[in-house]
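Please read the structure below before turning to the comments.
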Amino acid sequence: MGTGVVASRETPRRLRSIPTTGMRGGLGRTLLTAFLILTILPLALIGGYAAQNNRRNLQQEVKSKLQAVATLKGEELQQWFEHSRQVLLTPISWTPDAPAGQREVWWESIRKQEPDLMGATRFDQNGQTLWTLGACHSVAQVADSPDSVTEQSLSAAISERKASLPPGQFVLLGDADAWLLVYAAQEHTTVFCLRESALSRIIQYDALLDKALIGETGKVYLVSQGRIWPGGVEATSIKATGTLPRLVGNGVYVNHLNVPVIGAYYHLNEFDVGVLVEQAQSETLESTERIAATLIALVLAVALATTAIAAIVIRQITRPVIRLTESAVAMAEGDLAQHLEVTSRDEIGILTFVFNEMAADLKSLYEDLEAKVAERTQRLQQANYLIQRRALHLQASQEVAQAITSVRDPALLLNQVADLIRECFVYASVAIYIVEPGGGEIRLRAHSPATRPDTVVDIIDQGAWPGYVYAGDGSIIERAARKRAALVEHQQTDETVEWYRRTLSRAAIPLRMEERVLGVLGVLSTEHEGIQEDELEVLELLAGQVTVALENARAYERERLAAQRLEEAEAFKGRFLANMSHELREPLNTIIGFSRLMIKGIDGPLTPQQAQDMQRIYDDAQRLLFLINDILAISQIQAGMMELRLQPVHLQDLVDAVMPTVSALVRGKDIELLQEIPADLPALNADPIRLRQVLLHLFNNAAKFTERGQITLRAWHNENQVYVSVSDTGVGIPPEDFERLFMRFEKGADKEGRWQSGIGLGLALSKEFVEMHGGQIWATSEVNKGSTFTFSLPCYAADGEGRK
């Protein structure tokens, strides 16, 4: 398995490489491996689990047995302690002033009850010997001279342990060759020395116990004061996971002899002594290792049996598959005459039958392949020709569309379209007709080629595109325009030789804009195939583009004429406003002059009512003159006739000159006029007349929308710019009105919603004048709190030019 045949159309069959190496037996090896894995792996897992479980069970069983032995021996040790305390701690032994003779009698009596007792010694609180009976040496010394007693040796044996003895307790201490039973009272300490054999009858050190309980390697130890007896080794040398339990416990560890063991411990809390029972792990796990070895042998035997059985079964399965594989390889190499015998009714038999059918069908198909390939090759060539032709048409359509979009003259557009279509589509001729106003006549407006060459098409083409087409004449141009649909006519030339015979195709495509027909596009083709359906679709698409381009050119022409007429009207308006402003200012200046004389009383005194009326005439005349000057300035700016006369201007002087006029604007209102102009403010590079108009417009605007409060003019400079602001405490400007604030003929309303007087040119003119000086103007406002208009102008330089 894993091999296959990769075929390529570019590689001849005789050179094709079929990978057959390693194919035989590949499926068999895979199946055999699967059988072995499915058989051995479960056995190995189950056996391993069983061995591990058996190991845990054996350990637990041994722990229970050892714990039972430790408990039994601990109870025997408890009974021995109780018996020893009852025998040794008699009243006579504790009488401080008992005569020596009585102690000797008492000593002989307890020696009969406790043969292993070697001696007894009592010490006071200072470690001085009060009395001594018998001897307390090593077992070897006692054996040599049992009657010898040395107090110094006995005192040295317990001196290092005495400090840790709990008062009022009966404690067992181990020495090199003897056991010391120590009773620590409040005023004295009594020590009894016993031979080592005193406890060997209870604790069998050489495992002389029932072998069924602790086995051949079982050992029993006595643990006292942190040491293990026999030997006196410290209990901390045991390499266990934790310390020995205080009462009862068991575990697996490495003992003081560095041997892995299973141990159980029983502790007598009253006497601070315990029994430790151990058994080597090697003896415990011996049966487990035998089971593991048996299991491994069983798995190997099953593996061998499975391999033999699987090899026989797999061979029966893979033999038909191999025959199928070899036949398939032969077919891939070109031998299609393959047939296999069906020998079974199972899945392999069905596969063999299907393979035979497939081989027969493949052979039949291969025999007809060359004819089908030739037929399909011819169809593919035709399709490629049509695709290439369509691509050329689309490319030509794109080139025509790109070319006509840049032409704005309708007549030039039509001629250029006719030439481009004829050249790109290789037509004999192209004509474009335009519907005349009224729709009764369609006139030829463009034709390509402009001069007809002497060709075989000449005679037919002379009557193909008439100069005029009328409604109802039945020509192809008239019918296409009337039906609003593309029409095609075909005509065969009268040639005796078929190769010279041509198809003359005329197509008429209406130039439609929605439901309106602007004209008709006519083409004449002399190709053998004539105009095909796909070609007609491209022409219809191109006709739509030509219609849009023609309508755009006409719209552009109309807009050009309209713009020209608008420019003429603007020029006429400018001249009219300039002349009218001049004619209006002459009588208005006369009215202003004489009314001023009458107000001053030069022509005689006036009554109060007459003076009030004359003042109103004077104020309205001034306002009218102001408006006329604004209109004249707008006209001059639009006509490009406005020129600035720049010169150094001192802002303080200019403000002082306009303040009388500003005072007249706020006459009758509770408004205070303030100025904040620093003395060191540099001169401005400005036209004083236009700057005066800007200030008057800003003050006038502030006075209109302020009923009471303050109007303040501030000025400051920064580097080469001077900033001037006019602030008021009026109604303010709503945020939605900021966009049209500096637009012409826009007026504002007061807080009652009443529109203010004027024509709305003040702020627009101020913006024009400031920007002509190279500055900027802007406004900030808060409703019901007031507005601030600020503009900037360049400072005057030594060379007479403003810095920007």
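All residue names refer to the structure tokens as shown: chains lettered A, B, ... in order, residues numbered from 1 in each chain, ligands numbered from 1 in order.
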List every residue of stretch 406-535 of chain A that DSSP, applied to the backbone of this structure, assigns to helix (DSSP H, G or I), and report them as an MDAnalysis selection string.
chainID A and resid 410:425 458:462 476:483 498:500 533:535
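If you measure from each of A:Val62, A:Ser475, A:Gly349, A:His447 to A:Gly215 using only C-alpha atoms, the closest one turns out to be A:Val62.
Take atom CA of A:Thr712 and atom CA of A:Gly762: the distance between them is 18.6 Å.
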I want to know what sits within 7 Å of A:Ala264, based on only C-alpha atoms, with residues of the same chain fewer than 5 positions away left out; could you give that as a list in words?
Lys63, Leu66, Gln67, Ala70, Gly249, Asn250, Gly251, Leu276, Val277 and Glu278 of chain A
Record the distance separating atom CA of A:Asn629 and atom CA of A:Val770, expressed in Å with one decimal.
16.9 Å
Skipping near chain neighbours, those fewer than 2 positions away, what residues fall within 9 Å of stretch 535-543 of chain A using only C-alpha atoms, listed as a PyMOL selection string?
chain A and resi 389-390+393-394+397-398+400-401+486+488+507+509-512+520-521+531-533+545-548
Closest contacts (stretch 713-746 of chain A/stretch 635-657 of chain A, max 12 Å, only C-alpha atoms) as a tab-separated table:
residue	atom	partner	partner_atom	distance
A:Leu713	CA	A:Val655	CA	9.0
A:Arg714	CA	A:Leu651	CA	10.6
A:Ala715	CA	A:Leu651	CA	8.6
A:Trp716	CA	A:Leu651	CA	10.7
A:His717	CA	A:Leu651	CA	11.8
A:Val722	CA	A:Leu651	CA	9.8
A:Tyr723	CA	A:Leu651	CA	10.7
A:Val724	CA	A:Leu651	CA	9.2
A:Val726	CA	A:Val655	CA	11.7
Go ahead and write the selection's residues with N, CA, C and O atoms as a CSV table (one decimal), in the first residue's frame.
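Saved result, result.csv, follows:
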chain,number,residue,atom,x,y,z
A,713,LEU,N,-13.3,97.3,21.5
A,713,LEU,CA,-12.3,97.1,20.5
A,713,LEU,C,-10.9,96.8,21.1
A,713,LEU,O,-10.5,97.6,22.0
A,714,ARG,N,-10.3,95.6,20.8
A,714,ARG,CA,-9.0,95.3,21.4
A,714,ARG,C,-8.1,95.1,20.2
A,714,ARG,O,-8.4,94.6,19.1
A,715,ALA,N,-6.8,95.3,20.5
A,715,ALA,CA,-5.7,95.1,19.5
A,715,ALA,C,-4.5,94.6,20.2
A,715,ALA,O,-4.2,95.0,21.3
A,716,TRP,N,-3.8,93.7,19.5
A,716,TRP,CA,-2.5,93.2,20.0
A,716,TRP,C,-1.7,92.7,18.8
A,716,TRP,O,-2.2,92.5,17.7
A,717,HIS,N,-0.4,92.4,19.0
A,717,HIS,CA,0.4,92.0,17.9
A,717,HIS,C,1.2,90.7,18.4
A,717,HIS,O,1.5,90.6,19.5
A,722,VAL,N,-0.8,91.8,13.3
A,722,VAL,CA,-1.6,92.6,14.2
A,722,VAL,C,-3.0,92.0,14.3
A,722,VAL,O,-3.6,91.8,13.2
A,723,TYR,N,-3.5,91.8,15.4
A,723,TYR,CA,-4.8,91.2,15.6
A,723,TYR,C,-5.8,92.3,16.2
A,723,TYR,O,-5.4,92.9,17.2
A,724,VAL,N,-6.9,92.4,15.6
A,724,VAL,CA,-8.0,93.4,16.0
A,724,VAL,C,-9.3,92.6,16.2
A,724,VAL,O,-9.7,91.8,15.4
A,726,VAL,N,-13.5,93.0,17.7
A,726,VAL,CA,-14.6,93.8,18.2
A,726,VAL,C,-15.6,92.8,18.9
A,726,VAL,O,-16.1,91.9,18.3
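Closest approach to A:Lys704 among A:Leu673, A:Val666, A:Ala679, A:Val87: A:Val666, based on only C-alpha atoms.
The two atoms in question, atom CA of A:Leu222 and atom CA of A:Leu199, are spaced 9.2 Å apart.
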Taking the chain letters and numbering used in this document, name the residues of stretch 363-592 of chain A that DSSP puts in strand (DSSP E), as a PDB file with C-alpha atoms, in the first residue's frame.
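Just written: part22.pdb:
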ATOM      1  CA  SER A 429     -17.994  51.940 -44.136  1.00  0.00           C
ATOM      2  CA  VAL A 430     -19.686  53.530 -41.143  1.00  0.00           C
ATOM      3  CA  ALA A 431     -22.396  56.197 -41.136  1.00  0.00           C
ATOM      4  CA  ILE A 432     -24.041  58.147 -38.331  1.00  0.00           C
ATOM      5  CA  TYR A 433     -27.485  59.732 -38.751  1.00  0.00           C
ATOM      6  CA  ILE A 434     -29.020  62.330 -36.425  1.00  0.00           C
ATOM      7  CA  VAL A 435     -32.771  62.829 -35.983  1.00  0.00           C
ATOM      8  CA  GLU A 441     -36.222  63.739 -41.079  1.00  0.00           C
ATOM      9  CA  ILE A 442     -33.023  61.824 -40.256  1.00  0.00           C
ATOM     10  CA  ARG A 443     -29.903  63.427 -41.703  1.00  0.00           C
ATOM     11  CA  LEU A 444     -26.475  61.911 -42.395  1.00  0.00           C
ATOM     12  CA  ARG A 445     -24.001  63.793 -40.146  1.00  0.00           C
ATOM     13  CA  ALA A 446     -20.850  61.636 -40.344  1.00  0.00           C
ATOM     14  CA  HIS A 447     -19.486  59.071 -42.800  1.00  0.00           C
ATOM     15  CA  SER A 448     -16.284  57.041 -42.901  1.00  0.00           C
ATOM     16  CA  TYR A 468     -31.499  62.063 -45.903  1.00  0.00           C
ATOM     17  CA  VAL A 469     -33.918  59.475 -44.564  1.00  0.00           C
ATOM     18  CA  TYR A 470     -37.590  60.345 -44.164  1.00  0.00           C
ATOM     19  CA  LEU A 487     -31.601  45.537 -37.438  1.00  0.00           C
ATOM     20  CA  VAL A 488     -29.279  43.484 -39.684  1.00  0.00           C
ATOM     21  CA  GLU A 489     -29.578  42.757 -43.431  1.00  0.00           C
ATOM     22  CA  HIS A 490     -27.445  40.241 -45.343  1.00  0.00           C
ATOM     23  CA  GLN A 491     -26.819  40.192 -49.112  1.00  0.00           C
ATOM     24  CA  GLN A 492     -24.675  37.762 -51.146  1.00  0.00           C
ATOM     25  CA  THR A 503     -21.675  38.484 -47.532  1.00  0.00           C
ATOM     26  CA  LEU A 504     -22.549  42.175 -47.408  1.00  0.00           C
ATOM     27  CA  SER A 505     -24.076  42.882 -44.015  1.00  0.00           C
ATOM     28  CA  ARG A 506     -25.701  46.169 -43.094  1.00  0.00           C
ATOM     29  CA  ALA A 507     -26.541  46.885 -39.449  1.00  0.00           C
ATOM     30  CA  ALA A 508     -28.500  49.839 -38.090  1.00  0.00           C
ATOM     31  CA  ILE A 509     -28.344  50.460 -34.324  1.00  0.00           C
ATOM     32  CA  PRO A 510     -30.475  53.269 -32.814  1.00  0.00           C
ATOM     33  CA  LEU A 511     -28.804  55.813 -30.555  1.00  0.00           C
ATOM     34  CA  ARG A 512     -31.293  55.756 -27.680  1.00  0.00           C
ATOM     35  CA  MET A 513     -31.430  57.953 -24.592  1.00  0.00           C
ATOM     36  CA  ARG A 516     -35.855  59.076 -27.037  1.00  0.00           C
ATOM     37  CA  VAL A 517     -33.947  58.227 -30.260  1.00  0.00           C
ATOM     38  CA  LEU A 518     -31.160  60.702 -31.032  1.00  0.00           C
ATOM     39  CA  GLY A 519     -29.932  59.028 -34.206  1.00  0.00           C
ATOM     40  CA  VAL A 520     -28.848  55.783 -35.871  1.00  0.00           C
ATOM     41  CA  LEU A 521     -25.433  54.122 -36.242  1.00  0.00           C
ATOM     42  CA  GLY A 522     -25.047  52.266 -39.567  1.00  0.00           C
ATOM     43  CA  VAL A 523     -22.213  49.857 -40.448  1.00  0.00           C
ATOM     44  CA  LEU A 524     -21.406  47.894 -43.609  1.00  0.00           C
ATOM     45  CA  SER A 525     -19.333  44.684 -43.361  1.00  0.00           C
TER      46      SER A 525
END
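Distance check against A:Leu413 using only C-alpha atoms: of A:Leu550, A:Val426, A:Ala359, A:Ile322, the minimum falls on A:Leu550.
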Residue neighbourhood A:Pro734, 10 Å, only C-alpha atoms, exclusion window fewer than 5 positions, as number ranges by chain
A: 748, 781-784
Selection near stretch 297-312 of chain A, 12 Å with only C-alpha atoms, sequence-local residues under 2 positions removed, as JSON, numbers by chain:
{"A": [25, 27, 28, 29, 30, 31, 32, 33, 34, 35, 36, 37, 38, 39, 40, 41, 42, 43, 44, 45, 46, 47, 48, 290, 291, 292, 293, 294, 295, 314, 315, 316, 317, 318, 319]}
Once you have the residues from the selection above, write them out as a short mmCIF file (atom, residue, chain, number, x, y, z; two decimals), in the first residue's frame, restricted to N, CA and C atoms.
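Output below, filename out_19.cif:
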data_model
loop_
_atom_site.label_atom_id
_atom_site.label_comp_id
_atom_site.auth_asym_id
_atom_site.auth_seq_id
_atom_site.Cartn_x
_atom_site.Cartn_y
_atom_site.Cartn_z
N GLY A 25 3.12 -7.45 -1.21
CA GLY A 25 3.25 -7.68 0.22
C GLY A 25 3.03 -6.45 1.07
N LEU A 27 0.31 -4.53 1.42
CA LEU A 27 -0.97 -4.65 2.11
C LEU A 27 -0.90 -5.73 3.19
N GLY A 28 -0.23 -6.88 2.88
CA GLY A 28 -0.11 -7.96 3.86
C GLY A 28 0.65 -7.52 5.09
N ARG A 29 1.75 -6.80 4.88
CA ARG A 29 2.51 -6.34 6.03
C ARG A 29 1.70 -5.39 6.90
N THR A 30 0.94 -4.54 6.24
CA THR A 30 0.11 -3.61 7.01
C THR A 30 -0.94 -4.33 7.83
N LEU A 31 -1.62 -5.31 7.21
CA LEU A 31 -2.64 -6.06 7.95
C LEU A 31 -2.02 -6.89 9.07
N LEU A 32 -0.85 -7.50 8.80
CA LEU A 32 -0.20 -8.29 9.82
C LEU A 32 0.21 -7.41 11.01
N THR A 33 0.73 -6.24 10.72
CA THR A 33 1.10 -5.32 11.80
C THR A 33 -0.11 -4.92 12.62
N ALA A 34 -1.23 -4.69 11.92
CA ALA A 34 -2.45 -4.32 12.63
C ALA A 34 -2.92 -5.45 13.52
N PHE A 35 -2.87 -6.70 13.01
CA PHE A 35 -3.28 -7.85 13.82
C PHE A 35 -2.42 -7.97 15.08
N LEU A 36 -1.10 -7.83 14.90
CA LEU A 36 -0.20 -7.97 16.04
C LEU A 36 -0.45 -6.88 17.08
N ILE A 37 -0.65 -5.66 16.61
CA ILE A 37 -0.89 -4.56 17.56
C ILE A 37 -2.19 -4.78 18.32
N LEU A 38 -3.25 -5.17 17.58
CA LEU A 38 -4.54 -5.36 18.23
C LEU A 38 -4.55 -6.56 19.17
N THR A 39 -3.63 -7.50 18.97
CA THR A 39 -3.59 -8.69 19.83
C THR A 39 -2.67 -8.49 21.03
N ILE A 40 -1.43 -8.04 20.76
CA ILE A 40 -0.43 -7.97 21.81
C ILE A 40 -0.66 -6.79 22.74
N LEU A 41 -1.05 -5.65 22.17
CA LEU A 41 -1.18 -4.45 23.01
C LEU A 41 -2.20 -4.64 24.13
N PRO A 42 -3.41 -5.17 23.85
CA PRO A 42 -4.33 -5.39 24.99
C PRO A 42 -3.77 -6.37 26.01
N LEU A 43 -3.12 -7.47 25.53
CA LEU A 43 -2.56 -8.43 26.48
C LEU A 43 -1.49 -7.78 27.35
N ALA A 44 -0.64 -6.98 26.72
CA ALA A 44 0.42 -6.32 27.49
C ALA A 44 -0.16 -5.35 28.52
N LEU A 45 -1.17 -4.60 28.12
CA LEU A 45 -1.78 -3.65 29.05
C LEU A 45 -2.47 -4.38 30.21
N ILE A 46 -3.23 -5.43 29.85
CA ILE A 46 -3.93 -6.18 30.90
C ILE A 46 -2.93 -6.86 31.84
N GLY A 47 -1.88 -7.51 31.26
CA GLY A 47 -0.88 -8.17 32.09
C GLY A 47 -0.14 -7.19 32.98
N GLY A 48 0.24 -6.04 32.43
CA GLY A 48 0.93 -5.05 33.24
C GLY A 48 0.07 -4.55 34.39
N ARG A 290 7.99 -13.58 39.37
CA ARG A 290 7.72 -14.83 38.64
C ARG A 290 6.48 -14.69 37.77
N ILE A 291 5.44 -14.01 38.29
CA ILE A 291 4.21 -13.81 37.49
C ILE A 291 4.52 -12.94 36.26
N ALA A 292 5.34 -11.88 36.43
CA ALA A 292 5.68 -11.01 35.30
C ALA A 292 6.44 -11.78 34.23
N ALA A 293 7.37 -12.62 34.64
CA ALA A 293 8.12 -13.42 33.66
C ALA A 293 7.18 -14.37 32.92
N THR A 294 6.26 -14.98 33.68
CA THR A 294 5.29 -15.89 33.03
C THR A 294 4.43 -15.12 32.03
N LEU A 295 4.02 -13.90 32.40
CA LEU A 295 3.17 -13.09 31.52
C LEU A 295 3.91 -12.71 30.23
N ILE A 314 -4.12 -13.47 5.91
CA ILE A 314 -3.84 -12.30 5.08
C ILE A 314 -3.43 -12.70 3.67
N ARG A 315 -2.74 -13.82 3.57
CA ARG A 315 -2.34 -14.26 2.23
C ARG A 315 -3.57 -14.55 1.38
N GLN A 316 -4.60 -15.16 1.99
CA GLN A 316 -5.83 -15.42 1.24
C GLN A 316 -6.53 -14.12 0.84
N ILE A 317 -6.37 -13.08 1.68
CA ILE A 317 -7.05 -11.80 1.37
C ILE A 317 -6.28 -11.01 0.32
N THR A 318 -4.95 -10.96 0.44
CA THR A 318 -4.16 -10.07 -0.41
C THR A 318 -3.85 -10.66 -1.78
N ARG A 319 -3.96 -11.99 -1.95
CA ARG A 319 -3.62 -12.56 -3.26
C ARG A 319 -4.49 -11.99 -4.37
#
Could you name the residues that touch stretch 117-133 of chain A at 7 Å or less, counting only C-alpha atoms, but leaving out those on the same chain fewer than 3 positions away, as a PyMOL selection string?
chain A and resi 111+114+136+187-195
Put those residues in a file: all heavy atoms, as a JSON list (two decimals), in the first residue's frame.
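Once everything was written out, this is result.json:
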[["chain", "number", "residue", "atom", "x", "y", "z"],
["A", 111, "ARG", "N", 15.69, -10.31, 93.10],
["A", 111, "ARG", "CA", 16.57, -11.04, 92.19],
["A", 111, "ARG", "C", 15.97, -12.40, 91.87],
["A", 111, "ARG", "O", 16.14, -12.92, 90.77],
["A", 111, "ARG", "CB", 17.94, -11.24, 92.85],
["A", 111, "ARG", "CG", 18.82, -9.99, 92.81],
["A", 111, "ARG", "CD", 19.35, -9.74, 91.41],
["A", 111, "ARG", "NE", 20.12, -10.84, 90.92],
["A", 111, "ARG", "CZ", 21.43, -10.99, 91.08],
["A", 111, "ARG", "NH1", 22.12, -10.08, 91.72],
["A", 111, "ARG", "NH2", 22.06, -12.03, 90.59],
["A", 114, "GLU", "N", 13.27, -11.56, 89.29],
["A", 114, "GLU", "CA", 13.79, -11.02, 88.02],
["A", 114, "GLU", "C", 15.24, -11.45, 87.92],
["A", 114, "GLU", "O", 16.17, -10.74, 88.32],
["A", 114, "GLU", "CB", 13.67, -9.49, 88.00],
["A", 114, "GLU", "CG", 14.00, -8.88, 86.63],
["A", 114, "GLU", "CD", 13.04, -9.35, 85.57],
["A", 114, "GLU", "OE1", 11.79, -9.24, 85.74],
["A", 114, "GLU", "OE2", 13.53, -9.86, 84.53],
["A", 136, "CYS", "N", 26.31, -3.02, 87.76],
["A", 136, "CYS", "CA", 25.63, -2.54, 86.53],
["A", 136, "CYS", "C", 26.70, -2.26, 85.48],
["A", 136, "CYS", "O", 27.00, -1.13, 85.15],
["A", 136, "CYS", "CB", 24.82, -1.28, 86.85],
["A", 136, "CYS", "SG", 23.62, -0.91, 85.53],
["A", 187, "GLU", "N", 12.79, 13.76, 93.94],
["A", 187, "GLU", "CA", 14.00, 14.06, 94.70],
["A", 187, "GLU", "C", 15.16, 13.15, 94.35],
["A", 187, "GLU", "O", 16.29, 13.40, 94.74],
["A", 187, "GLU", "CB", 13.70, 13.94, 96.20],
["A", 187, "GLU", "CG", 12.63, 14.93, 96.66],
["A", 187, "GLU", "CD", 12.31, 14.76, 98.13],
["A", 187, "GLU", "OE1", 12.81, 13.77, 98.71],
["A", 187, "GLU", "OE2", 11.56, 15.60, 98.67],
["A", 188, "HIS", "N", 14.92, 12.06, 93.66],
["A", 188, "HIS", "CA", 16.01, 11.14, 93.35],
["A", 188, "HIS", "C", 15.67, 10.38, 92.07],
["A", 188, "HIS", "O", 14.53, 10.44, 91.56],
["A", 188, "HIS", "CB", 16.23, 10.16, 94.50],
["A", 188, "HIS", "CG", 14.96, 9.43, 94.90],
["A", 188, "HIS", "ND1", 14.45, 8.38, 94.20],
["A", 188, "HIS", "CD2", 14.11, 9.66, 95.95],
["A", 188, "HIS", "CE1", 13.33, 7.97, 94.78],
["A", 188, "HIS", "NE2", 13.10, 8.73, 95.85],
["A", 189, "THR", "N", 16.67, 9.68, 91.55],
["A", 189, "THR", "CA", 16.54, 8.88, 90.33],
["A", 189, "THR", "C", 17.10, 7.50, 90.62],
["A", 189, "THR", "O", 18.24, 7.37, 91.10],
["A", 189, "THR", "CB", 17.31, 9.51, 89.16],
["A", 189, "THR", "OG1", 16.79, 10.80, 88.93],
["A", 189, "THR", "CG2", 17.14, 8.67, 87.91],
["A", 190, "THR", "N", 16.28, 6.46, 90.31],
["A", 190, "THR", "CA", 16.69, 5.08, 90.56],
["A", 190, "THR", "C", 16.89, 4.38, 89.23],
["A", 190, "THR", "O", 16.03, 4.47, 88.35],
["A", 190, "THR", "CB", 15.66, 4.33, 91.39],
["A", 190, "THR", "OG1", 15.41, 5.06, 92.59],
["A", 190, "THR", "CG2", 16.15, 2.94, 91.72],
["A", 191, "VAL", "N", 18.03, 3.69, 89.06],
["A", 191, "VAL", "CA", 18.39, 3.03, 87.81],
["A", 191, "VAL", "C", 18.53, 1.55, 88.09],
["A", 191, "VAL", "O", 19.27, 1.14, 89.00],
["A", 191, "VAL", "CB", 19.69, 3.58, 87.23],
["A", 191, "VAL", "CG1", 20.02, 2.86, 85.93],
["A", 191, "VAL", "CG2", 19.58, 5.08, 87.00],
["A", 192, "PHE", "N", 17.82, 0.70, 87.30],
["A", 192, "PHE", "CA", 17.92, -0.76, 87.38],
["A", 192, "PHE", "C", 18.61, -1.25, 86.14],
["A", 192, "PHE", "O", 18.21, -0.91, 85.02],
["A", 192, "PHE", "CB", 16.52, -1.40, 87.47],
["A", 192, "PHE", "CG", 15.77, -0.98, 88.70],
["A", 192, "PHE", "CD1", 14.89, 0.10, 88.66],
["A", 192, "PHE", "CD2", 15.93, -1.66, 89.90],
["A", 192, "PHE", "CE1", 14.18, 0.46, 89.78],
["A", 192, "PHE", "CE2", 15.21, -1.28, 91.02],
["A", 192, "PHE", "CZ", 14.34, -0.22, 90.98],
["A", 193, "CYS", "N", 19.68, -2.06, 86.28],
["A", 193, "CYS", "CA", 20.44, -2.61, 85.15],
["A", 193, "CYS", "C", 20.02, -4.05, 84.93],
["A", 193, "CYS", "O", 20.06, -4.87, 85.85],
["A", 193, "CYS", "CB", 21.93, -2.54, 85.44],
["A", 193, "CYS", "SG", 22.55, -0.87, 85.63],
["A", 194, "LEU", "N", 19.64, -4.34, 83.65],
["A", 194, "LEU", "CA", 19.22, -5.69, 83.29],
["A", 194, "LEU", "C", 20.09, -6.19, 82.15],
["A", 194, "LEU", "O", 20.57, -5.41, 81.31],
["A", 194, "LEU", "CB", 17.75, -5.74, 82.86],
["A", 194, "LEU", "CG", 16.71, -5.47, 83.95],
["A", 194, "LEU", "CD1", 16.37, -3.98, 83.96],
["A", 194, "LEU", "CD2", 15.44, -6.29, 83.69],
["A", 195, "ARG", "N", 20.29, -7.52, 82.12],
["A", 195, "ARG", "CA", 21.05, -8.09, 81.00],
["A", 195, "ARG", "C", 20.27, -7.90, 79.69],
["A", 195, "ARG", "O", 19.06, -7.75, 79.68],
["A", 195, "ARG", "CB", 21.30, -9.58, 81.25],
["A", 195, "ARG", "CG", 22.25, -9.86, 82.40],
["A", 195, "ARG", "CD", 22.48, -11.35, 82.47],
["A", 195, "ARG", "NE", 23.40, -11.67, 83.57],
["A", 195, "ARG", "CZ", 23.02, -11.90, 84.82],
["A", 195, "ARG", "NH1", 21.72, -11.88, 85.14],
["A", 195, "ARG", "NH2", 23.91, -12.18, 85.77]]
